[in-house]
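Only one structure is covered here, and it is reproduced in the block below.
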Amino acid sequence: RQIPPAIMTYGEESGGSSTLPGGNIVAPARRRRCAHPRPSRQWAEMEREALARLILDQLPRFRSRLYLADAEALAQLLRRSPMAEVMSGDYAWSLCFEPAFVASLCWEGFLPICSELGGNGAPGLFVLMPKLHTHRCVLEPSAMHIPRKVRKRASAYRLTVGQAFEAVVDGCAAQHRPSWLFPPLRAALSALSAPSSLRGVGGATPCFVTFELWTRPPDGCTEPAQLVAGDLGCVVGRSYTSFSGFHTASGSGSVQLALTGALLQRAGFGWWDLGQEHGYKSGLGAAAVPRSQFLRTFRRLRAERNRLAEVVGPGGDASEASALPPRDASAEAAAAAAAADGKAP
């Protein structure tokens, strides 16, 4: 099967599964040198297009998914058709991990995740699996439901932004196994991460940030603060997309979510994109929206500026900016009702 150099798609997506695609693939006897080396020598000697053909030959399910060679291929595609019309299932796929391409995917609303296909003694064949859900779970920060017990626990912690990027990524990879944070994608996310000063985070350029939750040692205690929870995500204008999170102490994950939501509200974010639907997200007040509706709102928000760098203090300290708002029983009841009805904020 001949593969065009830029864009290819085969048939229609069947089923639109939300599970991470996996599988094994066997390398051929003869290989050619690849201009963009893969992490494993077994695959590094193949050209990207030849490797794509091999994947299609041995893993038929990839034939029904949109293939994107790089950022230019994505741009060509969007000049012809809206993304909502092109995507039939949740996943596209690519062999390109260049930071500019990953940034382009985030600009279009994708969640770039990574899968390892190599098997039979030849691991290290990593494939980028950009995901654009048929339904996306979103939350308006001001409508977030914060339980009383979370409010009581919050005073024992403080929130920072962009001060422990690698530690948060490590925490996410350790807690969620099998993890999709494989080395080539981690390298791209690191290259796109915001500086600790958060300079440039307010604009429309996609950048990755981490929200870190630390213990707050009592007065007079000499023990250093401990990182107990974190969130990894992408900021694009007034939209924040959460990619993954972790926690190591009981209840710390809920506190991190609450403080992050309060910070996003003060920083002027229009919504918090939480990705795939999940029960705990509905409990926060989030609701699922169809892909077409998600993309319309996302494109508006991505062009508007946020105030994250302005409200966060020196050293990424977000203690004041993430202070929880006074409890509003009526607002929380309305958010819970909206979540139960499946209405978008």
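So you can find residues: chains in the structure tokens are A, B, ... in the order shown, residues in each start at 1, and ligands are numbered from 1 in order.
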
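Close contacts of Ala52 of chain A, defined as residues with an atom at most 10 Å away when counting only C-alpha atoms, with chain neighbours fewer than 3 positions off set aside, comprise Ile3, Met46, Glu47, Arg48, Glu49, Ile55, Leu56, Asp57, Phe62, Tyr67, Ala69, Trp93, Ser94, Leu95 and Val127 of chain A.
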
query = Can you list every residue in segment 101-343 of chain A that DSSP puts in helix (DSSP H, G or I), as a ChimeraX atom specification?
reply = /A:101-107,141-143,148-154,165-175,183-191,252-266,279-284,291-302,308-311,314-316,329-341

message = So the first atom is atom CA of Asp90 of chain A and the second is atom CA of Pro206 of chain A; what is the distance between them in Å, to one decimal place?
response = 21.1 Å

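Nearest residue to Pro326 of chain A among A:His145, A:Gly279, A:Leu78, A:Asp70 is A:His145, counting only C-alpha atoms.
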
task = Could you check which of A:Leu117, A:Ala73, A:Leu54, A:Leu132 is closest to Leu295 of chain A, using only C-alpha atoms?
result = A:Leu132

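Neighbouring residues of segment 168-172 of chain A at 6 Å or closer, counting only C-alpha atoms and skipping chain neighbours under 6 positions away, are Gly230, Gly245 and Phe246 of chain A.
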
Write the residues of the selection above to a file with N, CA and C atoms, as a short mmCIF file (atom, residue, chain, number, x, y, z; two decimals), in the first residue's frame.
```
data_model
loop_
_atom_site.label_atom_id
_atom_site.label_comp_id
_atom_site.auth_asym_id
_atom_site.auth_seq_id
_atom_site.Cartn_x
_atom_site.Cartn_y
_atom_site.Cartn_z
N GLY A 230 0.03 16.97 42.10
CA GLY A 230 0.34 17.86 40.99
C GLY A 230 -0.54 17.59 39.79
N GLY A 245 -2.54 13.87 36.33
CA GLY A 245 -2.28 14.35 37.68
C GLY A 245 -1.87 13.20 38.57
N PHE A 246 -1.40 13.53 39.77
CA PHE A 246 -1.02 12.49 40.72
C PHE A 246 -1.20 13.03 42.12
#
```

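Atom pair atom CA of Val209 of chain A / atom CA of Leu181 of chain A: separated by 15.1 Å.
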
ask   = What lies within 7 Å of Ala194 of chain A using only C-alpha atoms, ignoring chain neighbours under 5 positions off, as number ranges by chain?
value = A: 162, 201, 207-209

note = Expressed in Å, the length from atom CA of His133 of chain A to atom CA of Ser88 of chain A is 9.9 Å

task = From segment 132-186 of chain A, collect each residue whose DSSP state is strand (DSSP E) and return the set as an MDAnalysis selection string.
result = chainID A and resid 135:139 157:161

Using only C-alpha atoms, find each residue of segment 257-312 of chain A with at least one atom at most 9 Å away from an atom of segment 98-108 of chain A; report its shortest atom-to-atom pair and that distance in Å (one decimal), sort the rows by chain and rising residue number, and return the result as JSON lines.
```
{"residue": "A:Leu295", "atom": "CA", "partner": "A:Glu108", "partner_atom": "CA", "distance": 8.0}
{"residue": "A:Phe298", "atom": "CA", "partner": "A:Glu108", "partner_atom": "CA", "distance": 8.4}
{"residue": "A:Arg299", "atom": "CA", "partner": "A:Glu108", "partner_atom": "CA", "distance": 7.8}
{"residue": "A:Arg302", "atom": "CA", "partner": "A:Trp107", "partner_atom": "CA", "distance": 7.6}
```

With N, CA, C and O atoms retained, could you export that selection as a PDB file, in the first residue's frame?
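So selection_38.pdb came out as:
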```
ATOM      1  N   LEU A 295     -15.006  22.362  20.052  1.00  0.00           N
ATOM      2  CA  LEU A 295     -14.067  23.057  19.178  1.00  0.00           C
ATOM      3  C   LEU A 295     -14.476  24.505  18.942  1.00  0.00           C
ATOM      4  O   LEU A 295     -13.621  25.391  18.865  1.00  0.00           O
ATOM      5  N   PHE A 298     -13.535  26.296  22.158  1.00  0.00           N
ATOM      6  CA  PHE A 298     -12.083  26.253  22.331  1.00  0.00           C
ATOM      7  C   PHE A 298     -11.396  27.259  21.416  1.00  0.00           C
ATOM      8  O   PHE A 298     -10.462  27.963  21.844  1.00  0.00           O
ATOM      9  N   ARG A 299     -11.829  27.349  20.177  1.00  0.00           N
ATOM     10  CA  ARG A 299     -11.197  28.292  19.242  1.00  0.00           C
ATOM     11  C   ARG A 299     -11.392  29.739  19.665  1.00  0.00           C
ATOM     12  O   ARG A 299     -10.533  30.582  19.415  1.00  0.00           O
ATOM     13  N   ARG A 302      -8.992  30.191  22.900  1.00  0.00           N
ATOM     14  CA  ARG A 302      -7.556  30.116  22.670  1.00  0.00           C
ATOM     15  C   ARG A 302      -6.977  31.445  22.196  1.00  0.00           C
ATOM     16  O   ARG A 302      -5.777  31.711  22.351  1.00  0.00           O
TER      17      ARG A 302
END
```

message = Env of Thr248 of chain A: 9 Å cut, atoms = only C-alpha atoms, seq-sep filter 5 positions within chain, self excluded. Answer as a VMD selection string.
response = chain A and resid 171 175 227 to 229 253

Please dump the current selection as a PDB file, in the first residue's frame; keep N, CA and C atoms.
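Just written: part28.pdb:
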```
ATOM      1  N   GLY A 171       5.688  12.021  38.775  1.00  0.00           N
ATOM      2  CA  GLY A 171       4.590  11.560  39.617  1.00  0.00           C
ATOM      3  C   GLY A 171       3.422  11.024  38.818  1.00  0.00           C
ATOM      4  N   GLN A 175       2.117   7.068  38.922  1.00  0.00           N
ATOM      5  CA  GLN A 175       0.795   6.721  39.449  1.00  0.00           C
ATOM      6  C   GLN A 175      -0.089   6.041  38.422  1.00  0.00           C
ATOM      7  N   LEU A 227       6.231  17.722  48.166  1.00  0.00           N
ATOM      8  CA  LEU A 227       5.323  17.712  47.022  1.00  0.00           C
ATOM      9  C   LEU A 227       4.399  16.503  47.153  1.00  0.00           C
ATOM     10  N   VAL A 228       3.097  16.735  47.281  1.00  0.00           N
ATOM     11  CA  VAL A 228       2.172  15.631  47.537  1.00  0.00           C
ATOM     12  C   VAL A 228       1.126  15.456  46.440  1.00  0.00           C
ATOM     13  N   ALA A 229       1.045  16.400  45.496  1.00  0.00           N
ATOM     14  CA  ALA A 229       0.082  16.270  44.392  1.00  0.00           C
ATOM     15  C   ALA A 229       0.475  17.250  43.298  1.00  0.00           C
ATOM     16  N   GLY A 253      -5.107  15.045  46.438  1.00  0.00           N
ATOM     17  CA  GLY A 253      -5.530  15.236  45.058  1.00  0.00           C
ATOM     18  C   GLY A 253      -6.750  16.128  44.959  1.00  0.00           C
TER      19      GLY A 253
END
```

inquiry  = Quick one: residues within 12 Å of segment 135-138 of chain A, only C-alpha atoms, excluding same-chain residues fewer than 3 positions away - as a PyMOL selection string?
reply    = chain A and resi 16+18+84+89-90+109-111+131-132+141+143-144+239-242+261+269-295+297-298+339+342-345

task = Would you kindly return, as an MDAnalysis selection string, each protein, DNA or RNA residue with an atom no farther than 7 Å from any atom of Ile113 of chain A, considering only C-alpha atoms and excluding same-chain residues fewer than 5 positions away?
result = chainID A and resid 128:130 180

Would you output that residue set with N, CA and C atoms, as a CSV table (one decimal), in the first residue's frame?
```csv
chain,number,residue,atom,x,y,z
A,128,LEU,N,2.8,8.5,18.3
A,128,LEU,CA,2.0,9.6,18.9
A,128,LEU,C,0.6,9.3,18.6
A,129,MET,N,-0.3,9.4,19.6
A,129,MET,CA,-1.7,9.1,19.3
A,129,MET,C,-2.5,10.4,19.7
A,130,PRO,N,-2.6,11.4,18.9
A,130,PRO,CA,-3.4,12.6,19.2
A,130,PRO,C,-4.8,12.2,19.4
A,180,TRP,N,1.4,6.7,29.4
A,180,TRP,CA,1.5,7.2,28.0
A,180,TRP,C,2.6,8.2,27.9
```
